[in-house]
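What follows is model.tsv (TSV, C-alpha atoms).
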chain	number	residue	atom	x	y	z
L	1	MET	CA	262.67	138.13	79.73
L	2	MET	CA	261.33	137.23	76.33
L	3	GLN	CA	263.77	137.20	73.45
L	4	SER	CA	263.44	136.10	69.88
L	5	GLY	CA	263.42	132.38	69.32
L	6	LYS	CA	261.34	129.53	70.58
L	7	CYS	CA	258.38	130.71	72.63
L	8	LYS	CA	254.80	129.74	73.38
L	9	LEU	CA	251.56	131.29	72.14
L	10	LEU	CA	248.58	131.08	74.48
L	11	LYS	CA	245.26	131.39	72.66
L	12	ILE	CA	241.89	131.68	74.36
L	13	TYR	CA	238.41	131.65	72.75
L	14	ILE	CA	235.52	132.96	74.82
L	15	GLY	CA	232.23	134.78	74.41
L	16	GLU	CA	232.05	138.55	74.53
L	17	LEU	CA	229.45	138.54	77.26
L	18	GLN	CA	231.28	136.29	79.72
L	19	ARG	CA	232.00	138.09	82.97
L	20	TYR	CA	234.57	137.64	85.72
L	21	GLU	CA	234.36	139.44	89.06
L	22	GLY	CA	232.39	142.36	87.70
L	23	LYS	CA	234.40	142.91	84.53
L	24	SER	CA	234.20	141.48	81.05
L	25	LEU	CA	236.17	138.23	81.06
L	26	TYR	CA	238.34	139.18	78.07
L	27	HIS	CA	239.29	142.39	79.82
L	28	ALA	CA	239.96	140.60	83.11
L	29	ILE	CA	242.22	138.10	81.34
L	30	VAL	CA	244.27	140.82	79.66
L	31	LEU	CA	244.66	142.64	82.99
L	32	LYS	CA	245.72	139.40	84.69
L	33	LEU	CA	248.24	138.61	81.94
L	34	GLY	CA	249.72	142.07	82.41
L	35	GLU	CA	249.85	141.56	86.16
L	36	LEU	CA	251.72	138.29	85.71
L	37	GLY	CA	254.30	140.00	83.53
L	38	ILE	CA	253.45	138.49	80.15
L	39	ALA	CA	255.27	140.29	77.37
L	40	GLY	CA	252.16	141.14	75.38
L	41	ALA	CA	248.52	140.23	74.77
L	42	THR	CA	245.98	141.08	72.09
L	43	VAL	CA	242.20	140.76	72.02
L	44	SER	CA	240.32	140.45	68.75
L	45	ARG	CA	236.66	139.88	68.03
L	46	GLY	CA	235.41	137.21	65.66
L	47	VAL	CA	232.61	138.12	63.29
L	48	GLU	CA	231.02	134.68	63.34
L	49	GLY	CA	231.49	131.35	65.09
L	50	TYR	CA	230.13	128.64	67.34
L	51	GLY	CA	231.32	126.57	70.24
L	52	VAL	CA	230.08	123.76	72.43
L	53	ASP	CA	226.63	125.34	72.59
L	54	LYS	CA	226.38	124.98	68.78
L	55	LEU	CA	224.69	128.37	68.51
L	56	ILE	CA	226.22	130.18	65.57
L	57	LYS	CA	226.76	133.78	66.57
L	58	LYS	CA	227.11	136.20	63.74
L	59	ALA	CA	227.20	139.92	63.24
L	60	GLY	CA	224.66	139.83	60.41
L	61	ILE	CA	221.71	138.59	62.47
L	62	LEU	CA	220.91	141.06	65.23
L	63	ASP	CA	219.93	138.73	68.07
L	64	LEU	CA	222.92	136.53	67.35
L	65	SER	CA	225.36	139.43	67.37
L	66	ALA	CA	225.03	139.77	71.11
L	67	ASP	CA	227.75	137.33	72.17
L	68	LEU	CA	230.39	137.26	69.47
L	69	PRO	CA	233.59	135.23	69.89
L	70	MET	CA	236.58	136.94	71.51
L	71	ILE	CA	240.11	135.71	70.88
L	72	ILE	CA	242.94	136.51	73.25
L	73	GLU	CA	246.51	135.83	72.20
L	74	ALA	CA	249.61	136.12	74.35
L	75	VAL	CA	253.20	135.19	73.55
L	76	ASP	CA	256.04	134.64	75.98
L	77	THR	CA	258.68	132.09	77.04
L	78	GLU	CA	257.61	128.58	77.86
L	79	GLU	CA	258.26	129.08	81.60
L	80	LYS	CA	256.23	132.25	81.71
L	81	ILE	CA	253.28	130.75	79.82
L	82	ASN	CA	253.39	127.65	82.04
L	83	THR	CA	253.05	129.78	85.18
L	84	VAL	CA	250.20	131.73	83.66
L	85	VAL	CA	248.04	128.84	82.42
L	86	PRO	CA	246.93	127.53	85.86
L	87	VAL	CA	245.90	131.07	86.83
L	88	ILE	CA	243.96	131.83	83.66
L	89	ALA	CA	242.36	128.39	83.15
L	90	PRO	CA	239.95	128.62	86.12
L	91	MET	CA	238.82	132.06	84.92
L	92	VAL	CA	237.64	130.53	81.64
L	93	ARG	CA	234.67	128.45	82.78
L	94	ARG	CA	233.36	128.14	79.24
L	95	GLY	CA	235.47	128.39	76.09
L	96	MET	CA	238.68	127.00	74.68
L	97	MET	CA	242.33	127.46	75.52
L	98	TYR	CA	245.42	126.07	73.87
L	99	VAL	CA	249.15	126.61	73.70
L	100	LEU	CA	251.15	126.61	70.50
L	101	ASP	CA	254.88	126.57	69.80
L	102	VAL	CA	256.02	129.68	68.01
L	103	ASP	CA	259.29	131.01	66.65
L	104	VAL	CA	259.44	134.68	67.51
L	105	ILE	CA	261.10	136.65	64.72
L	106	LYS	CA	260.62	140.12	66.08
L	107	HIS	CA	259.31	141.56	69.31
L	108	GLY	CA	259.59	145.04	70.76
B	1	MET	CA	200.41	156.53	83.96
B	2	GLU	CA	200.11	154.87	80.59
B	3	LEU	CA	203.90	155.15	80.16
B	4	ILE	CA	204.48	152.44	82.77
B	5	ILE	CA	202.05	150.10	81.02
B	6	ILE	CA	203.69	150.80	77.67
B	7	GLY	CA	207.14	150.32	79.17
B	8	THR	CA	206.19	147.03	80.79
B	9	GLY	CA	204.74	145.75	77.52
B	10	GLY	CA	207.96	146.91	75.89
B	11	VAL	CA	210.05	144.84	78.29
B	12	ALA	CA	208.01	141.72	77.52
B	13	GLY	CA	208.05	142.37	73.79
B	14	ALA	CA	211.79	142.97	73.55
B	15	LEU	CA	212.61	139.96	75.73
B	16	THR	CA	210.30	137.70	73.69
B	17	ARG	CA	211.91	138.92	70.49
B	18	PHE	CA	215.42	138.33	71.83
B	19	GLY	CA	214.52	134.90	73.16
B	20	ILE	CA	212.88	133.78	69.92
B	21	GLY	CA	215.88	135.15	68.03
B	22	ARG	CA	218.28	132.95	69.96
B	23	LEU	CA	216.00	129.90	69.82
B	24	VAL	CA	215.63	130.17	66.06
B	25	GLY	CA	219.38	130.75	65.75
B	26	ARG	CA	220.01	127.60	67.75
B	27	TYR	CA	217.53	125.22	66.10
B	28	LEU	CA	216.84	126.71	62.66
B	29	PRO	CA	220.14	128.31	61.69
B	30	GLY	CA	220.82	129.78	58.28
B	31	ALA	CA	221.68	132.91	56.40
B	32	PHE	CA	218.05	134.02	56.12
B	33	PRO	CA	216.87	136.23	59.01
B	34	LEU	CA	214.12	133.78	59.89
B	35	ALA	CA	213.62	134.93	63.46
B	36	THR	CA	212.87	138.54	62.60
B	37	PHE	CA	210.60	137.39	59.79
B	38	LEU	CA	208.58	135.05	62.03
B	39	ILE	CA	208.41	137.67	64.77
B	40	ASN	CA	207.21	140.42	62.46
B	41	MET	CA	204.63	138.20	60.77
B	42	THR	CA	203.15	136.89	64.01
B	43	GLY	CA	203.22	140.38	65.46
B	44	ALA	CA	201.39	141.82	62.47
B	45	PHE	CA	198.77	139.08	62.74
B	46	LEU	CA	198.27	139.68	66.45
B	47	LEU	CA	197.96	143.42	65.97
B	48	GLY	CA	195.31	142.95	63.29
B	49	LEU	CA	193.48	140.61	65.63
B	50	SER	CA	193.70	143.02	68.54
B	51	ALA	CA	192.73	146.05	66.47
B	52	ALA	CA	189.55	144.30	65.33
B	53	HIS	CA	188.91	143.20	68.88
B	54	ILE	CA	188.91	146.71	70.34
B	55	ALA	CA	187.36	148.46	67.35
B	56	GLY	CA	184.57	150.76	68.39
B	57	MET	CA	185.17	150.33	72.11
B	58	PRO	CA	185.97	153.37	74.27
B	59	ILE	CA	189.65	153.69	75.13
B	60	SER	CA	189.03	153.64	78.87
B	61	GLN	CA	187.59	150.16	78.56
B	62	VAL	CA	190.46	148.71	76.52
B	63	PHE	CA	193.28	150.69	78.10
B	64	ILE	CA	195.57	147.75	78.88
B	65	GLU	CA	195.01	146.09	75.54
B	66	ARG	CA	195.68	149.28	73.61
B	67	TYR	CA	198.65	150.60	75.58
B	68	GLY	CA	200.09	147.50	77.16
B	69	PHE	CA	199.55	144.95	74.44
B	70	GLN	CA	199.35	146.85	71.16
B	71	ILE	CA	201.71	149.76	71.71
B	72	GLY	CA	203.89	148.25	74.43
B	73	PHE	CA	204.23	144.57	73.67
B	74	LEU	CA	203.57	144.25	69.92
B	75	GLY	CA	205.33	147.49	69.11
B	76	ALA	CA	208.48	146.31	70.88
B	77	TYR	CA	208.09	142.69	69.81
B	78	THR	CA	208.10	143.54	66.11
B	79	THR	CA	210.97	145.56	64.76
B	80	HIS	CA	211.63	147.50	61.59
B	81	SER	CA	215.24	148.46	62.27
B	82	THR	CA	216.34	144.84	62.65
B	83	PHE	CA	214.51	143.97	59.42
B	84	ALA	CA	216.31	146.75	57.52
B	85	TYR	CA	219.69	145.99	59.11
B	86	GLU	CA	219.52	142.28	58.32
B	87	SER	CA	218.37	143.06	54.77
B	88	ILE	CA	221.42	145.22	54.10
B	89	ARG	CA	223.68	142.59	55.67
B	90	LEU	CA	222.21	140.06	53.23
B	91	VAL	CA	223.21	142.35	50.36
B	92	GLU	CA	226.71	142.75	51.81
B	93	ASP	CA	227.04	138.97	52.11
B	94	GLY	CA	225.93	138.60	48.51
B	95	GLU	CA	222.75	136.74	49.46
B	96	TRP	CA	220.58	138.52	46.89
B	97	LYS	CA	217.94	135.80	46.73
B	98	TYR	CA	217.41	136.01	50.48
B	99	PHE	CA	217.40	139.80	50.30
B	100	PHE	CA	214.48	139.89	47.89
B	101	MET	CA	212.74	137.10	49.77
B	102	ASN	CA	213.09	139.01	53.04
B	103	VAL	CA	211.98	142.38	51.70
B	104	GLY	CA	209.22	141.15	49.41
B	105	GLY	CA	208.13	138.42	51.76
B	106	SER	CA	208.00	140.59	54.85
B	107	THR	CA	205.96	143.21	53.03
B	108	VAL	CA	203.46	140.93	51.33
B	109	VAL	CA	203.13	138.30	54.04
B	110	GLY	CA	203.16	140.95	56.74
B	111	LEU	CA	200.24	142.82	55.23
B	112	LEU	CA	198.42	139.57	54.62
B	113	CYS	CA	198.93	138.42	58.21
B	114	CYS	CA	197.68	141.73	59.53
B	115	GLY	CA	194.64	141.68	57.27
B	116	ILE	CA	193.85	138.08	58.10
B	117	GLY	CA	194.30	138.84	61.79
B	118	TYR	CA	191.85	141.67	61.49
B	119	VAL	CA	189.29	139.52	59.71
B	120	CYS	CA	189.69	136.83	62.35
B	121	GLY	CA	189.17	139.35	65.11
B	122	VAL	CA	185.93	140.67	63.75
U	1	MET	CA	224.71	135.87	79.15
U	2	GLY	CA	221.93	136.33	81.67
U	3	TYR	CA	222.81	140.00	82.02
U	4	SER	CA	222.11	140.47	78.34
U	5	TYR	CA	218.43	139.74	78.98
U	6	PHE	CA	218.40	142.46	81.59
U	7	ALA	CA	220.03	144.88	79.16
U	8	VAL	CA	217.43	144.04	76.50
U	9	ALA	CA	214.63	144.50	79.05
U	10	VAL	CA	215.82	147.95	80.05
U	11	GLY	CA	216.31	148.95	76.42
U	12	GLY	CA	212.87	147.62	75.54
U	13	PHE	CA	211.26	149.59	78.35
U	14	PHE	CA	212.64	152.91	77.13
U	15	GLY	CA	212.37	152.07	73.46
U	16	ALA	CA	208.63	151.47	73.68
U	17	ILE	CA	208.11	154.65	75.66
U	18	ALA	CA	210.24	156.65	73.22
U	19	ARG	CA	208.21	155.29	70.32
U	20	PHE	CA	205.01	156.35	72.06
U	21	GLY	CA	206.53	159.77	72.66
U	22	MET	CA	207.27	160.08	68.95
U	23	SER	CA	203.69	159.14	68.07
U	24	GLN	CA	202.43	161.83	70.45
U	25	TRP	CA	204.78	164.38	68.96
U	26	PHE	CA	203.39	163.68	65.51
U	27	ALA	CA	199.79	163.36	66.68
U	28	TYR	CA	198.71	166.62	65.04
U	29	PRO	CA	200.15	166.00	61.54
U	30	VAL	CA	198.77	162.45	61.66
U	31	GLN	CA	195.34	163.65	62.60
U	32	SER	CA	195.19	166.45	60.06
U	33	THR	CA	196.61	164.57	57.07
U	34	GLY	CA	195.61	161.00	57.89
U	35	PHE	CA	199.16	159.85	57.03
U	36	PRO	CA	201.06	157.85	59.65
U	37	TRP	CA	203.96	160.31	60.04
U	38	GLY	CA	204.79	159.22	63.59
U	39	THR	CA	205.50	155.59	62.79
U	40	LEU	CA	207.32	156.48	59.59
U	41	VAL	CA	209.73	158.99	61.09
U	42	THR	CA	210.36	156.70	64.06
U	43	ASN	CA	211.16	153.78	61.75
U	44	LEU	CA	213.36	155.88	59.43
U	45	LEU	CA	215.31	157.22	62.39
U	46	GLY	CA	215.62	153.83	64.05
U	47	CYS	CA	216.84	152.12	60.89
U	48	PHE	CA	219.54	154.72	60.37
U	49	ILE	CA	220.71	154.76	63.97
U	50	LEU	CA	220.80	150.98	64.32
U	51	ALA	CA	223.01	150.46	61.28
U	52	LEU	CA	225.30	153.33	62.28
U	53	PHE	CA	225.50	152.33	65.93
U	54	LEU	CA	226.00	148.62	65.42
U	55	THR	CA	228.64	149.03	62.70
U	56	ILE	CA	230.63	151.51	64.77
U	57	THR	CA	230.49	149.45	67.96
U	58	LEU	CA	231.33	146.19	66.21
U	59	ASP	CA	234.23	147.57	64.18
U	60	LEU	CA	235.72	150.07	66.59
U	61	LEU	CA	234.93	148.10	69.78
U	62	VAL	CA	234.17	151.20	71.81
U	63	ILE	CA	231.58	149.91	74.26
U	64	SER	CA	230.63	147.03	76.52
U	65	PRO	CA	228.71	144.24	74.77
U	66	LEU	CA	225.92	144.60	77.33
U	67	LEU	CA	225.43	148.22	76.39
U	68	ARG	CA	225.55	147.29	72.73
U	69	VAL	CA	222.84	144.63	72.98
U	70	GLY	CA	220.76	146.83	75.27
U	71	ILE	CA	220.78	149.72	72.83
U	72	SER	CA	220.48	147.75	69.59
U	73	THR	CA	218.28	144.74	70.34
U	74	GLY	CA	216.64	146.38	73.34
U	75	PHE	CA	216.06	150.03	72.67
U	76	LEU	CA	216.20	150.34	68.88
U	77	GLY	CA	214.39	147.05	68.36
U	78	ALA	CA	211.54	148.28	70.55
U	79	PHE	CA	211.69	151.83	69.20
U	80	THR	CA	210.93	150.73	65.65
U	81	THR	CA	207.91	148.62	64.85
U	82	PHE	CA	206.72	146.48	61.98
U	83	SER	CA	203.26	145.57	63.29
U	84	THR	CA	202.10	149.19	63.52
U	85	PHE	CA	203.30	149.81	59.97
U	86	ALA	CA	201.34	146.77	58.76
U	87	LEU	CA	198.16	147.77	60.55
U	88	GLU	CA	198.32	151.37	59.37
U	89	THR	CA	198.79	150.19	55.78
U	90	VAL	CA	195.81	147.86	56.11
U	91	GLN	CA	193.76	150.72	57.56
U	92	LEU	CA	194.77	153.01	54.70
U	93	ILE	CA	193.68	150.32	52.25
U	94	GLN	CA	190.37	149.99	54.08
U	95	ALA	CA	189.94	153.76	53.84
U	96	GLN	CA	190.79	153.47	50.13
U	97	GLN	CA	193.58	156.05	50.45
U	98	PHE	CA	195.56	154.33	47.72
U	99	TRP	CA	198.03	157.17	47.07
U	100	TYR	CA	198.89	157.08	50.76
U	101	VAL	CA	199.21	153.29	50.62
U	102	GLY	CA	201.76	153.57	47.84
U	103	LEU	CA	203.64	156.38	49.54
U	104	TYR	CA	203.66	154.64	52.90
U	105	LEU	CA	204.82	151.33	51.45
U	106	PHE	CA	207.55	153.04	49.46
U	107	SER	CA	208.85	155.06	52.40
U	108	SER	CA	208.56	152.29	54.97
U	109	ILE	CA	210.20	149.62	52.90
U	110	PHE	CA	212.45	151.27	50.36
U	111	LEU	CA	213.40	154.41	52.31
U	112	CYS	CA	213.88	152.61	55.62
U	113	ILE	CA	216.23	150.10	53.99
U	114	ALA	CA	217.97	153.03	52.32
U	115	MET	CA	218.33	154.74	55.72
U	116	SER	CA	219.86	151.56	57.06
U	117	ALA	CA	222.31	151.47	54.15
U	118	PHE	CA	223.08	155.12	54.81
U	119	GLY	CA	223.85	154.26	58.42
U	120	PHE	CA	226.40	151.69	57.24
U	121	ILE	CA	227.94	154.22	54.85
U	122	VAL	CA	228.28	156.92	57.50
U	123	ALA	CA	229.76	154.43	59.97
U	124	ARG	CA	232.35	153.24	57.46
U	125	GLY	CA	233.10	156.85	56.58
U	126	ILE	CA	233.83	157.61	60.22
U	127	GLU	CA	236.06	154.55	60.47
U	128	GLN	CA	237.94	155.62	57.36
U	129	ILE	CA	238.49	159.12	58.71
U	130	ARG	CA	239.81	157.69	61.96
U	131	ALA	CA	242.08	155.28	60.09
U	132	ASN	CA	243.45	158.17	58.02
U	133	GLN	CA	244.05	160.21	61.16
U	134	GLN	CA	245.95	157.36	62.78
U	135	ALA	CA	248.00	156.82	59.63
U	136	ASP	CA	248.86	160.53	59.58
U	137	GLN	CA	249.90	160.41	63.22
U	138	GLU	CA	252.12	157.41	62.58
U	139	THR	CA	253.90	158.97	59.62
U	140	ALA	CA	254.34	162.18	61.62
U	141	GLY	CA	255.84	160.08	64.43
U	142	ASP	CA	258.24	158.38	61.99
U	143	LEU	CA	259.38	161.73	60.62
U	144	GLU	CA	260.21	162.95	64.12
U	145	THR	CA	262.66	160.05	64.66
Represent the supplied structure as structure tokens.
Amino acid sequence: MMQSGKCKLLKIYIGELQRYEGKSLYHAIVLKLGELGIAGATVSRGVEGYGVDKLIKKAGILDLSADLPMIIEAVDTEEKINTVVPVIAPMVRRGMMYVLDVDVIKHG
Amino acid sequence: MELIIIGTGGVAGALTRFGIGRLVGRYLPGAFPLATFLINMTGAFLLGLSAAHIAGMPISQVFIERYGFQIGFLGAYTTHSTFAYESIRLVEDGEWKYFFMNVGGSTVVGLLCCGIGYVCGV
Amino acid sequence: MGYSYFAVAVGGFFGAIARFGMSQWFAYPVQSTGFPWGTLVTNLLGCFILALFLTITLDLLVISPLLRVGISTGFLGAFTTFSTFALETVQLIQAQQFWYVGLYLFSSIFLCIAMSAFGFIVARGIEQIRANQQADQETAGDLET
């Protein structure tokens, strides 16, 4: 049960178009996080960015707006995040994932 | 059914445009919408060329070139909506120099390319 | 990523056919006046819809990215055309219809860009209305508690 105080933030960067078992990957990840009982998760879309492929996607150039960056953030206790990471990591075949220490001030 | 020929040309044109867009984005990145510019200029040239090529011939003889290549492929390959969209985005991003270059350049160079294409095709 | 090519292909197929349909629809006015109405209306419409559609779907995140690329890059990209505009202008110049050349250039370049800008404006207007609605709902919710 997550309370205020020291927790972990899981952050994932992927492409909009990445798929997983018939769904969009970002959607599949959020569903999976919910399934695993994570306190909360948010998806936001980046307007511009690049990754390992060095192709700068941006909203202003039409053909490059097709695969914009998606950012998924989830916060929970260290134990919870640790159980979730080995499940989520294999889903993200391409992209970046990291875990950050956070001090939760308010939640709920 | 000429619609199938047009549609097929459309598939090829749109895919080529998308592919070139991503290639240019990968190897020649920048704020200027270079891909759309190159695509529209080459497309205008090719249409001028093709128009001169089929001029005076009966439609039945040049059916594929007219419907498949000109209307289908080149029509889908070049794009006006992307040009306008990217132009406004340049304004929003404050890239005024690129805006005027894109609008003025596309117009002038586009007409030139088409005219030159036509002359070449004659 | 590979699926996006399929989406663009499908969009391109229908976009080209729709453009042809528009040119057929305007065949009579084009023939009788010698002015390329078909291409112009198609381009004006496409410029407006693309800006509106893309802004709404990027800001409000309502649809799948495959659908977005299929409709914008695929359909609308194929629906509008630059090459036809260029050729028709060249042909008008050849026919020495200089008033038409001026009119066509003005409407294809200036008006089409204006239609695109208009699409952005309408999209942002819709977003603002929705934001206001949500703000109203929230304040109403606060008042209830």
Interatomic distance, atom CA of U:Phe53 to atom CA of U:Leu76 (Å, one decimal):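 Result for atom CA of U:Phe53 versus atom CA of U:Leu76: 10.0 Å, one decimal.
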Proximal residues of chain L relative to chain B (all atoms listed in the file; 10 Å) as a PyMOL selection string: chain L and resi 53-66
Please report as CSV every residue of chain U lying within 7 Å of chain B, along with the nearest atom pair and their distance in Å (one decimal), using all atoms listed in the file.
residue,atom,partner,partner_atom,distance
U:Tyr5,CA,B:Leu15,CA,6.7
U:Val8,CA,B:Leu15,CA,6.4
U:Ala9,CA,B:Val11,CA,4.7
U:Val10,CA,B:Val11,CA,6.8
U:Gly12,CA,B:Val11,CA,4.8
U:Phe13,CA,B:Gly7,CA,4.3
U:Phe14,CA,B:Gly7,CA,6.4
U:Ala16,CA,B:Gly10,CA,5.1
U:Ile17,CA,B:Gly7,CA,5.7
U:Asn43,CA,B:His80,CA,6.3
U:Gly46,CA,B:Ser81,CA,5.7
U:Cys47,CA,B:Ser81,CA,4.2
U:Leu50,CA,B:Ser81,CA,6.4
U:Ala51,CA,B:Tyr85,CA,6.0
U:Gly74,CA,B:Ala14,CA,5.9
U:Leu76,CA,B:Ser81,CA,6.9
U:Gly77,CA,B:Thr79,CA,5.2
U:Ala78,CA,B:Ala76,CA,3.7
U:Phe79,CA,B:Ala76,CA,6.6
U:Thr80,CA,B:His80,CA,5.2
U:Thr81,CA,B:Thr79,CA,4.3
U:Phe82,CA,B:His80,CA,5.0
U:Ser83,CA,B:Ala44,CA,4.3
U:Thr84,CA,B:Gly75,CA,6.7
U:Ala86,CA,B:Leu111,CA,5.4
U:Leu87,CA,B:Cys114,CA,6.1
U:Val90,CA,B:Gly115,CA,6.4
U:Cys112,CA,B:Ala84,CA,6.6
U:Ile113,CA,B:Ala84,CA,4.9
U:Ser116,CA,B:Tyr85,CA,5.9
U:Ala117,CA,B:Ile88,CA,6.3
For stretch 5-9 of chain L: contacts at 10 Å, all atoms listed in the file, fewer than 2 positions along chain excluded, given as a PyMOL selection string: chain L and resi 2-3+11-12+41+73-82+98-106
Shortest interatomic distance to chain L - which of U:Val62, U:Met22, U:Val69, U:Ala95, counting all atoms listed in the file: U:Val69
Protein and nucleic acid residues near (230.8, 124.2, 77.3) (cut-off 10 Å, all atoms listed in the file) as number ranges by chain: L: 51-54, 93-96
10 Å contacts from chain U to chain L using only C-alpha atoms, as a PyMOL selection string: chain U and resi 1-4+50+54-55+58-59+61+64-70+72-74+77
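Separating atom CA of U:Phe118 from atom CA of U:Ile49 is a distance of 9.5 Å.
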Set up a box along x, y and z of the file covering all listed atoms of stretch 71-86 of chain L, add 4 Å on every one of the six sides, and write the centre and edge lengths in Å to one decimal, as lines of an AutoDock Vina configuration file.
center_x = 249.4
center_y = 132.0
center_z = 78.4
size_x = 26.6
size_y = 17.0
size_z = 23.0
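Across the structure, atom CA of L:Val92 and atom CA of L:Val43 are spaced 14.8 Å apart.
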Among listed residues U:Leu40, U:Ile71, U:Ala18, U:Val122, nearest U:Leu103 (using only C-alpha atoms):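 The shortest atom-to-atom distance to U:Leu103 comes from U:Leu40.
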Starting from the incomplete input, reconstruct N, CA and C atoms of stretch 128-141 of chain U and report them as a CSV table (one decimal), in the coordinates of the input.
chain,number,residue,atom,x,y,z
U,128,GLN,N,236.9,155.3,58.3
U,128,GLN,CA,237.9,155.6,57.4
U,128,GLN,C,238.7,156.9,57.8
U,129,ILE,N,237.9,157.9,58.3
U,129,ILE,CA,238.5,159.1,58.7
U,129,ILE,C,239.4,158.9,59.9
U,130,ARG,N,239.0,158.0,60.8
U,130,ARG,CA,239.8,157.7,62.0
U,130,ARG,C,241.1,157.0,61.5
U,131,ALA,N,240.9,156.0,60.6
U,131,ALA,CA,242.1,155.3,60.1
U,131,ALA,C,243.1,156.2,59.4
U,132,ASN,N,242.6,157.2,58.7
U,132,ASN,CA,243.4,158.2,58.0
U,132,ASN,C,244.2,159.0,59.1
U,133,GLN,N,243.4,159.4,60.1
U,133,GLN,CA,244.0,160.2,61.2
U,133,GLN,C,245.2,159.5,61.8
U,134,GLN,N,244.9,158.2,62.1
U,134,GLN,CA,246.0,157.4,62.8
U,134,GLN,C,247.2,157.2,61.9
U,135,ALA,N,246.9,157.0,60.6
U,135,ALA,CA,248.0,156.8,59.6
U,135,ALA,C,248.8,158.1,59.6
U,136,ASP,N,248.1,159.3,59.6
U,136,ASP,CA,248.9,160.5,59.6
U,136,ASP,C,249.7,160.7,60.8
U,137,GLN,N,249.1,160.3,62.0
U,137,GLN,CA,249.9,160.4,63.2
U,137,GLN,C,251.1,159.5,63.2
U,138,GLU,N,251.0,158.3,62.6
U,138,GLU,CA,252.1,157.4,62.6
U,138,GLU,C,253.2,157.9,61.7
U,139,THR,N,252.9,158.4,60.5
U,139,THR,CA,253.9,159.0,59.6
U,139,THR,C,254.5,160.2,60.3
U,140,ALA,N,253.8,161.0,60.9
U,140,ALA,CA,254.3,162.2,61.6
U,140,ALA,C,255.3,161.7,62.7
U,141,GLY,N,254.9,160.6,63.4
U,141,GLY,CA,255.8,160.1,64.4
U,141,GLY,C,257.1,159.6,63.8
